[in-house]
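K.L.:
Have a look at this one.
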Amino acid sequence: LGQLFTGKMSDHFPKKSMLVWGMLLQALAILGIPLTSNFSLLVVLSVTLGMGTALVYPTFLSAIAGASPPKQRAESIGTFRLWRDLGYAFGAIISGVAADLFGIETAIMITGGLTLLSAAILKVRMPSSPGAP
């Protein structure tokens with residue numbers, strides 16, 4: 001539901017900022033999950049994770065579409081989806097191995113740490129849009 005709004009937002013706000021903040025929200029929520037067993041706090045963390053995801057997913061698609069020539073747009077988005085889906089598969093394998101070796105809480109913390117690292121990489125490496133702050 002949130003993507004209905006954040007998709008439109010990505011047409012009006014700097015994509016880089018939306019991506020970095022979305023990844024940060026995701027990372028903080030993921031890192032908080034193993035630190036609590038309070039149901040209300042877990043609900044808040046879950047909503048925060050959803051908000052971060054809503055910021056990130058349509059904005060990635062919009063950024064890729066905007067950076068691709070019209071004739072190459074479908075191929076570029078397809079390539080993004082390939083790498084995204086490979087990330088899901090490798091993430092599942094890494095999470096499973098980490099959970100077996102170190103426990104579920106540590107596997108979740110590794111996932112949160114990698115998400116936080118992704119936010120930092122986006123902040124440093126992604127060029128800002130022309131005219132964006």
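If you're wondering about the labels, chains in the structure tokens are A, B, ... by order shown, residues count from 1 in each chain, ligands from 1 in order shown.
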May I have the residues within 10 Å of region 64-72 of chain A as a ChimeraX atom specification, using only C-alpha atoms and disregarding those fewer than 6 positions away in the same chain?
P.N.:
/A:11,58,78-80,129
K.L.:
Write the selection just made, keeping C-alpha atoms, as a PDB file, in the first residue's frame?
P.N.:
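Done, and the output landed in part22.pdb:
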ATOM      1  CA  ASP A  11       8.939  11.561  -9.214  1.00  0.00           C
ATOM      2  CA  PRO A  58       9.589   1.698  -6.522  1.00  0.00           C
ATOM      3  CA  GLY A  78      15.166  -6.827 -16.339  1.00  0.00           C
ATOM      4  CA  THR A  79      18.853  -6.798 -15.380  1.00  0.00           C
ATOM      5  CA  PHE A  80      17.998  -5.085 -12.080  1.00  0.00           C
ATOM      6  CA  SER A 129      20.158  13.569  -9.827  1.00  0.00           C
TER       7      SER A 129
END
K.L.:
List as number ranges by chain the protein and nucleic acid residues near Ser37 (chain A), meaning an atom at most 12 Å away when only C-alpha atoms are counted, but skip any in the same chain fewer than 6 places from it.
P.N.:
A: 43, 45, 105
K.L.:
Determine, for each residue of region 98-123 of chain A having at least one atom at most 12 Å from an atom of region 50-55 of chain A, the closest pair of atoms and their separation in Å to one decimal, counting only C-alpha atoms; order by chain and ascending number, as JSON lines.
P.N.:
{"residue": "A:Thr115", "atom": "CA", "partner": "A:Gly52", "partner_atom": "CA", "distance": 11.0}
{"residue": "A:Leu116", "atom": "CA", "partner": "A:Gly52", "partner_atom": "CA", "distance": 11.9}
{"residue": "A:Ala119", "atom": "CA", "partner": "A:Gly52", "partner_atom": "CA", "distance": 11.2}
K.L.:
Identify, on the basis of only C-alpha atoms, every residue whose closest approach to Ile94 (chain A) does not exceed 12 Å; exclude the query and any residue fewer than 3 positions from it along the same chain; express the result as a list in words.
P.N.:
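Near neighbours after the sequence-gap exclusion: Gly87, Tyr88, Ala89, Phe90, Gly91, Val97, Ala98, Ala99, Asp100, Leu101, Phe102, Ile104, Thr106, Ala107, Ile108, Ile110, Thr111 and Leu114 of chain A.
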K.L.:
Hey, which of A:Leu1, A:Ala27, A:Ile77, A:Ser10 ends up closest to Leu117 (chain A)? Count only C-alpha atoms.
P.N.:
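That would be A:Ala27, the residue with the smallest distance to Leu117 (chain A).
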K.L.:
Check the DSSP output for the backbone and give back, as a PyMOL selection string, the residues of chain A in alpha helix (DSSP H).
P.N.:
chain A and resi 2-9+15-32+39-67+73-102+104-125
K.L.:
Give me, as a list in words, all polymer residues having an atom no more than 12 Å from Met9 (chain A), counting only C-alpha atoms and skipping those fewer than 2 positions away in the same chain.
P.N.:
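The residues that qualify are Gly2, Gln3, Leu4, Phe5, Thr6, Gly7, Asp11, His12, Phe13, Pro14, Lys15, Ser17, Met18, Leu19, Ala54, Leu55, Val56, Pro58, Thr59 and Ser62 of chain A.
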K.L.:
Go through A:Trp21, A:Arg73, A:Arg81, A:Ala63 one by one, measure the shortest atom-to-atom distance of each to Thr48 (chain A) using only C-alpha atoms, and give the residue with the smallest value.
P.N.:
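Of A:Trp21, A:Arg73, A:Arg81, A:Ala63, the one nearest Thr48 (chain A), counting only C-alpha atoms, is A:Trp21.
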K.L.:
Quick one: pull the distance between CA of Val124 (chain A) and CA of Lys16 (chain A), Å, one decimal.
P.N.:
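Answer for the CA of Val124 (chain A) to CA of Lys16 (chain A) separation: 10.1 Å.
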K.L.:
Have a look at A:Ser128, A:Gly112, A:Ala120, A:Gly22 and name the one nearest to Pro34 (chain A); count only C-alpha atoms.
P.N.:
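Among the listed residues, the smallest separation from Pro34 (chain A) belongs to A:Gly112.
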K.L.:
Looking at only C-alpha atoms, which of A:Arg84, A:Ile93, A:Met109, A:Ile121 is the one that sits closest to Leu31 (chain A)?
P.N.:
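Among the listed residues, A:Met109 lies closest to Leu31 (chain A).
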K.L.:
Could you check the closest approach to Leu42 (chain A) for each of A:Ile30, A:Leu25, A:Ala74, A:Leu86 and tell me which residue wins, using only C-alpha atoms?
P.N.:
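So, comparing all the options, the nearest one is A:Ile30.
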K.L.:
Give the answer as one residue: which of A:Pro127, A:Phe39, A:Ser76, A:Leu49 has the shortest atom-to-atom distance to Leu61 (chain A), using only C-alpha atoms?
P.N.:
A:Ser76
